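Below: query15.cif (mmCIF, C-alpha atoms (C1' of nucleotides))
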data_model
loop_
_atom_site.label_atom_id
_atom_site.label_comp_id
_atom_site.auth_asym_id
_atom_site.auth_seq_id
_atom_site.Cartn_x
_atom_site.Cartn_y
_atom_site.Cartn_z
CA MET D 1 0.30 -8.31 27.14
CA ASN D 2 1.56 -9.73 23.86
CA LYS D 3 1.43 -13.50 23.55
CA LYS D 4 4.68 -15.50 23.56
CA PHE D 5 5.96 -16.55 20.18
CA GLU D 6 9.01 -17.98 18.46
CA LEU D 7 11.32 -15.05 17.73
CA PRO D 8 12.73 -15.19 14.17
CA LEU D 9 16.45 -16.04 14.07
CA CYS D 10 18.55 -13.33 12.41
CA ASP D 11 20.53 -15.78 10.25
CA GLN D 12 17.30 -17.19 8.82
CA CYS D 13 15.37 -13.93 8.69
CA HIS D 14 14.10 -13.15 5.20
CA SER D 15 13.43 -9.51 6.16
CA ARG D 16 17.03 -9.01 7.34
CA ILE D 17 18.42 -9.97 3.90
CA HIS D 18 16.62 -6.97 2.37
CA SER D 19 17.49 -4.60 5.20
CA VAL D 20 20.59 -2.58 6.16
CA PHE D 21 21.71 -5.71 8.05
CA GLY D 22 21.73 -7.71 4.81
CA ASP D 23 25.48 -7.99 4.24
CA LEU D 24 26.68 -8.49 7.82
CA LYS D 25 29.46 -10.97 8.68
CA ASP D 26 28.36 -14.15 10.42
CA SER D 27 29.86 -12.94 13.70
CA ASP D 28 27.82 -9.70 13.53
CA VAL D 29 24.64 -11.62 12.71
CA LYS D 30 25.36 -13.89 15.68
CA SER D 31 25.81 -10.86 17.93
CA LEU D 32 22.53 -9.35 16.69
CA ASN D 33 20.74 -12.62 17.26
CA GLU D 34 22.05 -12.98 20.82
CA ASN D 35 21.23 -9.42 21.84
CA LYS D 36 17.93 -8.70 20.13
CA CYS D 37 14.47 -9.25 21.49
CA GLY D 38 11.15 -9.02 19.76
CA ASN D 39 7.40 -9.01 20.02
CA ILE D 40 4.10 -9.32 18.22
CA TYR D 41 2.26 -6.00 17.93
CA LYS D 42 -1.39 -5.51 17.07
CA LYS D 43 -2.74 -2.73 14.86
CA GLY D 44 -2.80 0.55 16.76
CA GLN D 45 -0.05 -0.33 19.26
CA VAL D 46 2.63 2.34 19.66
CA LEU D 47 6.35 1.41 19.35
CA PHE D 48 7.68 4.72 20.63
CA TYR D 49 6.53 8.27 21.27
CA GLU D 50 7.94 11.58 20.03
CA GLY D 51 10.13 13.12 22.76
CA ASN D 52 11.09 9.81 24.36
CA LYS D 53 14.71 8.81 24.73
CA PRO D 54 15.75 6.16 22.18
CA THR D 55 17.21 3.03 23.76
CA GLY D 56 17.39 0.82 20.70
CA LEU D 57 16.56 0.18 17.09
CA PHE D 58 13.32 -1.33 15.81
CA CYS D 59 13.53 -3.76 12.90
CA VAL D 60 10.32 -4.72 11.08
CA ASN D 61 10.17 -8.47 10.51
CA LYS D 62 6.54 -8.49 9.45
CA GLY D 63 3.69 -5.96 9.19
CA LYS D 64 3.48 -2.25 8.54
CA ILE D 65 4.29 0.78 10.68
CA LYS D 66 3.65 4.51 10.40
CA THR D 67 5.82 7.23 11.90
CA TYR D 68 3.99 10.46 12.61
CA ARG D 69 3.93 13.74 14.48
CA ILE D 70 0.99 15.38 16.23
CA ASN D 71 0.74 19.14 15.66
CA ALA D 72 -0.51 21.80 18.07
CA ASP D 73 -4.13 21.27 16.94
CA GLY D 74 -3.85 17.58 17.73
CA LYS D 75 -3.80 16.69 14.04
CA GLU D 76 -1.60 13.82 12.93
CA GLN D 77 0.87 14.13 10.05
CA ILE D 78 2.19 10.80 8.79
CA ILE D 79 5.85 11.18 7.93
CA ARG D 80 6.86 7.75 6.75
CA LEU D 81 5.55 4.21 6.25
CA ALA D 82 7.71 1.20 7.04
CA LYS D 83 7.39 -2.47 6.09
CA GLU D 84 9.30 -5.79 6.25
CA GLY D 85 13.05 -5.16 6.28
CA ASP D 86 12.80 -1.49 7.28
CA VAL D 87 14.37 -0.15 10.46
CA LEU D 88 13.03 2.60 12.70
CA GLY D 89 14.56 4.97 15.21
CA TYR D 90 18.12 4.99 13.85
CA SER D 91 18.47 8.73 13.23
CA SER D 92 17.72 9.57 16.89
CA LEU D 93 20.04 6.78 18.05
CA ILE D 94 22.89 8.11 15.93
CA SER D 95 22.33 11.80 16.70
CA GLY D 96 21.69 11.16 20.39
CA ASP D 97 18.50 13.22 20.23
CA LEU D 98 15.08 12.28 21.52
CA TYR D 99 12.65 10.65 19.07
CA SER D 100 11.45 13.32 16.65
CA SER D 101 8.31 11.36 15.80
CA SER D 102 6.10 8.57 17.12
CA ALA D 103 5.66 5.14 15.55
CA ALA D 104 2.54 2.97 15.57
CA VAL D 105 1.47 -0.29 13.96
CA ILE D 106 -0.97 -0.02 11.03
CA GLU D 107 -0.93 -3.72 10.17
CA ASP D 108 -0.28 -6.49 12.74
CA ALA D 109 3.48 -6.81 13.04
CA ILE D 110 6.46 -8.71 14.40
CA ILE D 111 9.15 -6.24 15.44
CA CYS D 112 12.68 -7.02 16.62
CA TYR D 113 14.43 -4.65 18.98
CA ILE D 114 18.20 -4.16 18.92
CA PRO D 115 19.70 -2.42 21.98
CA ARG D 116 21.45 0.92 21.45
CA ASN D 117 24.97 -0.30 22.38
CA VAL D 118 24.77 -3.28 19.99
CA PHE D 119 23.77 -1.00 17.13
CA LEU D 120 26.41 1.65 17.92
CA ASN D 121 29.15 -1.01 18.30
CA LEU D 122 28.22 -2.33 14.88
CA LEU D 123 28.47 1.19 13.43
CA ASP D 124 31.92 1.62 15.00
CA SER D 125 33.33 -1.72 13.92
CA ASN D 126 31.83 -2.26 10.47
CA THR D 127 32.63 0.36 7.79
CA THR D 128 30.38 -1.23 5.18
CA PHE D 129 27.46 -1.10 7.59
CA SER D 130 28.28 2.52 8.51
CA MET D 131 28.25 3.48 4.83
CA LYS D 132 24.89 1.77 4.42
CA MET D 133 23.50 3.79 7.33
CA ILE D 134 24.91 7.01 5.85
CA ARG D 135 23.24 6.22 2.53
CA LEU D 136 19.97 5.49 4.35
CA LEU D 137 20.14 8.81 6.25
CA SER D 138 20.97 10.68 3.02
CA HIS D 139 18.01 9.06 1.33
CA ASP D 140 15.79 10.09 4.26
CA LEU D 141 17.04 13.66 3.97
CA LYS D 142 16.25 13.78 0.25
CA SER D 143 12.79 12.31 0.88
CA SER D 144 12.14 14.98 3.50
CA GLU D 145 13.23 17.73 1.09
CA ASP D 146 11.01 16.31 -1.65
CA ARG D 147 8.12 16.22 0.79
CA VAL D 148 8.54 19.86 1.85
CA VAL D 149 8.49 20.95 -1.80
CA ASN D 150 5.55 18.67 -2.48
CA LEU D 151 3.50 20.08 0.42
CA ALA D 152 4.39 23.66 -0.46
CA GLN D 153 3.92 23.60 -4.23
CA ASN D 154 1.43 20.85 -5.12
CA THR D 155 -2.34 21.00 -4.83
CA VAL D 156 -4.17 18.53 -2.58
CA ARG D 157 -5.44 16.74 -5.72
CA GLU D 158 -1.86 16.22 -6.95
CA ARG D 159 -0.68 15.09 -3.53
CA LEU D 160 -3.54 12.60 -3.19
CA ALA D 161 -2.82 11.13 -6.64
CA GLU D 162 0.86 10.84 -5.72
CA THR D 163 -0.05 9.23 -2.39
CA LEU D 164 -2.17 6.59 -4.14
CA LEU D 165 0.77 5.77 -6.42
CA MET D 166 3.07 5.64 -3.39
CA LEU D 167 0.66 3.27 -1.62
CA GLU D 168 0.62 1.07 -4.72
CA GLU D 169 4.42 0.84 -4.57
CA PHE D 170 4.58 0.50 -0.78
CA GLY D 171 1.91 -2.10 -0.14
CA GLY D 172 1.53 -3.62 -3.57
CA THR D 173 -1.76 -4.74 -5.09
CA GLU D 174 -4.08 -7.71 -4.79
CA ASN D 175 -4.22 -10.49 -7.41
CA ASP D 176 -6.01 -8.25 -9.91
CA GLY D 177 -2.90 -6.03 -10.00
CA LYS D 178 -5.07 -2.95 -9.44
CA THR D 179 -6.64 -2.99 -5.96
CA LEU D 180 -4.35 -1.41 -3.38
CA ARG D 181 -3.29 -3.77 -0.59
CA THR D 182 -3.57 -1.23 2.20
CA SER D 183 -5.42 -1.20 5.49
CA LEU D 184 -5.21 2.57 5.84
CA SER D 185 -8.41 4.44 6.73
CA ARG D 186 -9.49 7.55 4.84
CA GLU D 187 -8.28 9.58 7.83
CA GLU D 188 -4.81 8.01 7.64
CA ILE D 189 -4.61 8.66 3.89
CA ALA D 190 -5.56 12.28 4.63
CA ASN D 191 -2.81 12.40 7.24
CA ILE D 192 -0.26 11.33 4.64
CA VAL D 193 -1.53 13.85 2.09
CA GLY D 194 -1.64 16.58 4.70
CA THR D 195 -5.29 17.51 4.33
CA ALA D 196 -8.69 17.00 5.95
CA THR D 197 -10.41 13.60 5.84
CA GLU D 198 -13.44 15.14 4.13
CA THR D 199 -11.30 16.67 1.39
CA THR D 200 -9.63 13.30 0.79
CA ILE D 201 -13.01 11.55 0.50
CA ARG D 202 -14.31 14.25 -1.85
CA LEU D 203 -11.25 13.99 -4.09
CA LEU D 204 -11.41 10.18 -4.11
CA SER D 205 -15.03 10.49 -5.32
CA GLU D 206 -13.79 12.96 -7.96
CA PHE D 207 -11.09 10.51 -9.08
CA ARG D 208 -13.78 7.84 -9.35
CA SER D 209 -16.02 10.11 -11.46
CA ASP D 210 -13.03 10.92 -13.69
CA GLY D 211 -12.32 7.20 -14.20
CA LEU D 212 -8.94 7.14 -12.43
CA ILE D 213 -9.99 4.77 -9.67
CA GLU D 214 -12.85 2.57 -8.48
CA LEU D 215 -14.01 2.48 -4.86
CA GLU D 216 -15.34 -0.74 -3.29
CA GLY D 217 -16.05 0.14 0.33
CA LYS D 218 -12.70 1.01 1.86
CA ARG D 219 -10.80 -0.57 -1.02
CA ILE D 220 -9.27 1.55 -3.77
CA LYS D 221 -8.67 0.16 -7.25
CA ILE D 222 -6.46 2.04 -9.72
CA VAL D 223 -8.15 1.55 -13.08
CA ASN D 224 -6.29 4.17 -15.12
CA ARG D 225 -2.69 4.53 -13.96
CA GLY D 226 -1.86 6.92 -16.79
CA LEU D 227 -4.55 9.39 -15.74
CA LEU D 228 -3.49 9.03 -12.11
CA LEU D 229 0.12 9.80 -13.05
CA LYS D 230 -1.14 12.82 -14.96
CA ALA D 231 -3.20 13.94 -11.94
CA ALA D 232 -0.12 13.52 -9.74
CA ASN D 233 1.85 15.61 -12.21
CA VAL D 234 4.76 13.16 -12.19
CA GLU D 235 6.68 11.19 -14.80
CA ASP D 236 6.17 7.39 -14.94
"C1'" DT Z 1 -23.75 -22.41 16.85
"C1'" DG Z 2 -26.50 -19.11 14.54
"C1'" DT Z 3 -29.24 -14.95 14.71
"C1'" DC Z 4 -30.30 -10.44 16.06
"C1'" DA Z 5 -30.14 -5.92 18.28
"C1'" DG Z 6 -27.34 -2.30 19.97
"C1'" DC Z 7 -23.38 0.31 19.65
"C1'" DA Z 8 -19.23 2.60 18.08
"C1'" DG Z 9 -16.37 4.03 14.64
"C1'" DG Z 10 -15.65 5.15 9.99
"C1'" DC Z 11 -17.40 6.95 5.54
"C1'" DT Z 12 -19.91 10.20 2.81
"C1'" DT Z 13 -22.23 14.35 1.62
"C1'" DG Z 14 -24.08 18.99 2.06
"C1'" DC Z 15 -23.41 23.45 3.56
"C1'" DC Z 16 -20.83 27.29 4.85
"C1'" DA Z 17 -16.60 30.09 5.82
"C1'" DC Z 18 -12.16 31.71 4.68
"C1'" DG Z 19 -8.04 32.86 2.03
"C1'" DT Z 20 -5.96 33.63 -2.44
"C1'" DA I 1 -14.28 32.05 -8.69
"C1'" DC I 2 -11.76 28.45 -6.89
"C1'" DG I 3 -9.55 25.50 -3.59
"C1'" DT I 4 -9.68 23.92 0.86
"C1'" DG I 5 -11.11 23.07 5.65
"C1'" DG I 6 -14.55 22.45 9.38
"C1'" DC I 7 -18.93 21.06 11.17
"C1'" DA I 8 -23.03 18.40 11.23
"C1'" DA I 9 -25.98 14.78 9.97
"C1'" DG I 10 -27.09 10.50 7.90
"C1'" DC I 11 -25.55 6.08 6.32
"C1'" DC I 12 -22.77 1.89 6.47
"C1'" DT I 13 -20.14 -1.72 8.53
"C1'" DG I 14 -18.10 -4.53 11.82
"C1'" DC I 15 -17.93 -5.98 16.55
"C1'" DT I 16 -20.01 -7.67 20.78
"C1'" DG I 17 -23.15 -9.60 23.88
"C1'" DA I 18 -27.65 -11.72 24.68
"C1'" DC I 19 -30.63 -15.22 23.56
"C1'" DA I 20 -32.79 -19.34 21.55
#

Encoded form (structure tokens):
Amino acid sequence: MNKKFELPLCDQCHSRIHSVFGDLKDSDVKSLNENKCGNIYKKGQVLFYEGNKPTGLFCVNKGKIKTYRINADGKEQIIRLAKEGDVLGYSSLISGDLYSSSAAVIEDAIICYIPRNVFLNLLDSNTTFSMKMIRLLSHDLKSSEDRVVNLAQNTVRERLAETLLMLEEFGGTENDGKTLRTSLSREEIANIVGTATETTIRLLSEFRSDGLIELEGKRIKIVNRGLLLKAANVED
DNA sequence: TGTCAGCAGGCTTGCCACGT
DNA sequence: ACGTGGCAAGCCTGCTGACA
């Protein structure tokens, strides 16, 4: 059981400002606030499972979440990472389909839950909000297309380099500006890249030998961003 | 409260197999 | 030949419970 805590108010929520709910009218914010509920989640806890019926929208107030699918061999493929201000489960809510992926906490989190009818009413009544959701879905579609091409055409080395750069952007860095602020295990990094854990570890060691990164236990420090960009085969 | 042993899970490396 | 994945074994680290 999660311990009781003071649920963040929507009108004072810093994460909401940077989310799709950022520009809502006061009356809509009030409605959200009255109808939402929320909870503290510990690392590893699951928000929803692939194949379940969506009953509401998850809004990340604090912490980090992964969405993933499990393939026939039981191997996990991480599809997306979400942080403060991101929302989860909207595409299934809008389409009326079952969840196409599962979501689990990778860094202790506070998650608000907005019931399905509240979200759909907002979509119906607020054109600006609807347009925001359309833009978000379009962006998701483009990301998925990019990912398919990436998995099909890039080597594991390129994908790992790109993933490290993505993690730098997603989680930021510590005070030194170089060490990735991520609590992901080697296995989880491999599940983003779409390769085996051993291959990921081998390539990380290779990157270290080549002077792209430094490894301090689990921590990864990007020491030569230019070389990493080159390894990822992408423009800065 | 601090220390220590035991344990589990994660990390790393070597070796081998397989496909291109 | 090269890139990649899988398995196995050893090492490392963090957590937990027992004990002084």

(request) Counting all atoms listed in the file, figure out which residue out of D:Leu141, D:Ile192, D:Leu9, D:Leu184 gets nearest to chain Z. (result)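 Using all atoms listed in the file, the shortest distance to chain Z belongs to D:Leu184.
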
(-8.6, 11.0, 10.5) in this file's frame - what residues fall within 8 Å of it? Use only C-alpha atoms (C1' of nucleotides) and give the answer as a tab-separated table (two decimals) with C-alpha atoms, in the coordinates of the input.
chain	number	residue	atom	x	y	z
D	76	GLU	CA	-1.60	13.82	12.93
D	185	SER	CA	-8.41	4.44	6.73
D	186	ARG	CA	-9.49	7.55	4.84
D	187	GLU	CA	-8.28	9.58	7.83
D	188	GLU	CA	-4.81	8.01	7.64
D	190	ALA	CA	-5.56	12.28	4.63
D	191	ASN	CA	-2.81	12.40	7.24
D	196	ALA	CA	-8.69	17.00	5.95
D	197	THR	CA	-10.41	13.60	5.84

Non-local contacts of DA20 of chain I (10 Å; all atoms listed in the file; under 2 positions in same chain excluded) as a PDB file with C-alpha atoms (C1' of nucleotides), in the coordinates of the input:
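Saved result, result15.pdb, follows:
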ATOM      1  C1'  DG Z   2     -26.500 -19.110  14.540  1.00  0.00           C
ATOM      2  C1'  DT Z   3     -29.240 -14.950  14.710  1.00  0.00           C
TER       3       DT Z   3
ATOM      4  C1'  DA I  18     -27.650 -11.720  24.680  1.00  0.00           C
TER       5       DA I  18
END

What separates atom CA of Gly211 of chain D and atom CA of Val223 of chain D is a distance of 7.1 Å

Open item on the list: Can you spell out as a PyMOL selection string the set of residues that the PyMOL selection byres ((chain Z and resi 13) around 10) selects in the structure I just provided?
Closed with: (chain D and resi 198+201-202) or (chain Z and resi 11-12+14-15) or (chain I and resi 9-10)

How would the residues just picked look written out with C-alpha atoms (C1' of nucleotides) as a short mmCIF file (atom, residue, chain, number, x, y, z; two decimals), in the coordinates of the input?
data_model
loop_
_atom_site.label_atom_id
_atom_site.label_comp_id
_atom_site.auth_asym_id
_atom_site.auth_seq_id
_atom_site.Cartn_x
_atom_site.Cartn_y
_atom_site.Cartn_z
CA GLU D 198 -13.44 15.14 4.13
CA ILE D 201 -13.01 11.55 0.50
CA ARG D 202 -14.31 14.25 -1.85
"C1'" DC Z 11 -17.40 6.95 5.54
"C1'" DT Z 12 -19.91 10.20 2.81
"C1'" DG Z 14 -24.08 18.99 2.06
"C1'" DC Z 15 -23.41 23.45 3.56
"C1'" DA I 9 -25.98 14.78 9.97
"C1'" DG I 10 -27.09 10.50 7.90
#

Expansion of the PyMOL selection byres ((chain Z and resi 5-7) around 12) into residues, as a PyMOL selection string: (chain Z and resi 3-4+8-9) or (chain I and resi 13-19)

Q: Check what the PyMOL selection byres ((chain D and resi 224) around 7) selects in the file above and give those residues as a ChimeraX atom specification.
A: /D:211-213,222-223,225-228

Residue hits in chain I, query chain D, radius 9 Å, only C-alpha atoms (C1' of nucleotides), as a ChimeraX atom specification: /I:3-6

Requested in this report: Using all atoms listed in the file, find the one residue out of D:Arg16, D:Lys142, D:Arg219, D:Arg181 that sits nearest to Asn33 of chain D.
Outcome: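 Residue with the minimum atom-to-atom distance to Asn33 of chain D: D:Arg16.
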
Atom CA of Ile40 of chain D to atom CA of Met133 of chain D, straight-line distance in Å:
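We find that atom CA of Met133 of chain D and atom CA of Ile40 of chain D lie 25.8 Å from each other.
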
I'd like the interatomic distance between atom CA of His14 of chain D and atom CA of Leu180 of chain D, to a tenth of an Å.
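Separation of atom CA of His14 of chain D and atom CA of Leu180 of chain D: 23.5 Å.
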
Quiz item: Which one is closest to chain Z: D:Asp11, D:Glu145, D:Asp124, D:Glu216? Count all atoms listed in the file.
Solution: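 Using all atoms listed in the file, the shortest distance to chain Z belongs to D:Glu216.
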
Practice task
Point out the residue among D:Glu162, D:Gly56, D:Ser101, D:Glu107 with the least atom-to-atom distance to Ser183 of chain D, counting all atoms listed in the file.
Solution key: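 Checking each candidate against Ser183 of chain D, we get D:Glu107 as the closest.
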
With distances taken over only C-alpha atoms (C1' of nucleotides), the candidate from D:Leu24, D:Leu204, D:Leu164, D:Cys13 nearest chain Z is D:Leu204

Would you mind putting back N, CA, C and O atoms on segment 22-45 of chain D, then writing it out as a short mmCIF file (atom, residue, chain, number, x, y, z; two decimals), in the coordinates of the input?
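Printed below is rebuild-v8.cif as written:
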data_model
loop_
_atom_site.label_atom_id
_atom_site.label_comp_id
_atom_site.auth_asym_id
_atom_site.auth_seq_id
_atom_site.Cartn_x
_atom_site.Cartn_y
_atom_site.Cartn_z
N GLY D 22 21.65 -6.65 5.81
CA GLY D 22 21.73 -7.71 4.81
C GLY D 22 23.10 -8.32 4.60
O GLY D 22 23.23 -9.53 4.42
N ASP D 23 24.14 -7.49 4.60
CA ASP D 23 25.48 -7.99 4.24
C ASP D 23 26.39 -8.21 5.44
O ASP D 23 27.62 -8.24 5.30
N LEU D 24 25.84 -8.36 6.62
CA LEU D 24 26.68 -8.49 7.82
C LEU D 24 27.48 -9.79 7.82
O LEU D 24 27.07 -10.80 7.27
N LYS D 25 28.67 -9.75 8.49
CA LYS D 25 29.46 -10.97 8.68
C LYS D 25 28.70 -11.88 9.64
O LYS D 25 27.87 -11.43 10.44
N ASP D 26 29.03 -13.16 9.57
CA ASP D 26 28.36 -14.15 10.42
C ASP D 26 28.46 -13.79 11.91
O ASP D 26 27.51 -13.95 12.66
N SER D 27 29.65 -13.28 12.29
CA SER D 27 29.86 -12.94 13.70
C SER D 27 28.94 -11.80 14.14
O SER D 27 28.42 -11.80 15.26
N ASP D 28 28.73 -10.83 13.22
CA ASP D 28 27.82 -9.70 13.53
C ASP D 28 26.37 -10.18 13.60
O ASP D 28 25.61 -9.73 14.47
N VAL D 29 26.01 -11.07 12.69
CA VAL D 29 24.64 -11.62 12.71
C VAL D 29 24.41 -12.38 14.01
O VAL D 29 23.36 -12.26 14.64
N LYS D 30 25.46 -13.11 14.44
CA LYS D 30 25.36 -13.89 15.68
C LYS D 30 25.15 -12.94 16.87
O LYS D 30 24.31 -13.18 17.74
N SER D 31 25.92 -11.84 16.85
CA SER D 31 25.81 -10.86 17.93
C SER D 31 24.41 -10.24 17.96
O SER D 31 23.81 -10.09 19.03
N LEU D 32 23.90 -9.91 16.78
CA LEU D 32 22.53 -9.35 16.69
C LEU D 32 21.54 -10.34 17.28
O LEU D 32 20.68 -9.98 18.09
N ASN D 33 21.68 -11.58 16.85
CA ASN D 33 20.74 -12.62 17.26
C ASN D 33 20.72 -12.82 18.78
O ASN D 33 19.67 -13.03 19.38
N GLU D 34 21.92 -12.74 19.38
CA GLU D 34 22.05 -12.98 20.82
C GLU D 34 21.51 -11.80 21.65
O GLU D 34 21.09 -11.97 22.78
N ASN D 35 21.58 -10.62 21.06
CA ASN D 35 21.23 -9.42 21.84
C ASN D 35 19.84 -8.85 21.57
O ASN D 35 19.37 -8.00 22.32
N LYS D 36 19.24 -9.28 20.48
CA LYS D 36 17.93 -8.70 20.13
C LYS D 36 16.81 -9.33 20.95
O LYS D 36 16.98 -10.41 21.52
N CYS D 37 15.69 -8.64 20.99
CA CYS D 37 14.47 -9.25 21.49
C CYS D 37 13.35 -8.82 20.55
O CYS D 37 13.59 -8.01 19.65
N GLY D 38 12.19 -9.36 20.72
CA GLY D 38 11.15 -9.02 19.76
C GLY D 38 9.77 -9.32 20.30
O GLY D 38 9.62 -9.94 21.34
N ASN D 39 8.77 -8.86 19.57
CA ASN D 39 7.40 -9.01 20.02
C ASN D 39 6.41 -8.94 18.88
O ASN D 39 6.71 -8.41 17.82
N ILE D 40 5.22 -9.47 19.15
CA ILE D 40 4.10 -9.32 18.22
C ILE D 40 3.36 -8.05 18.61
O ILE D 40 3.12 -7.82 19.80
N TYR D 41 3.02 -7.22 17.66
CA TYR D 41 2.26 -6.00 17.93
C TYR D 41 0.96 -6.03 17.12
O TYR D 41 0.96 -6.43 15.96
N LYS D 42 -0.10 -5.58 17.76
CA LYS D 42 -1.39 -5.51 17.07
C LYS D 42 -1.57 -4.11 16.49
O LYS D 42 -0.94 -3.15 16.95
N LYS D 43 -2.44 -4.02 15.49
CA LYS D 43 -2.74 -2.73 14.86
C LYS D 43 -3.10 -1.69 15.92
O LYS D 43 -3.92 -1.97 16.79
N GLY D 44 -2.51 -0.53 15.84
CA GLY D 44 -2.80 0.55 16.76
C GLY D 44 -1.79 0.68 17.90
O GLY D 44 -1.69 1.74 18.53
N GLN D 45 -1.05 -0.40 18.17
CA GLN D 45 -0.05 -0.33 19.26
C GLN D 45 1.09 0.62 18.88
O GLN D 45 1.50 0.69 17.72
#
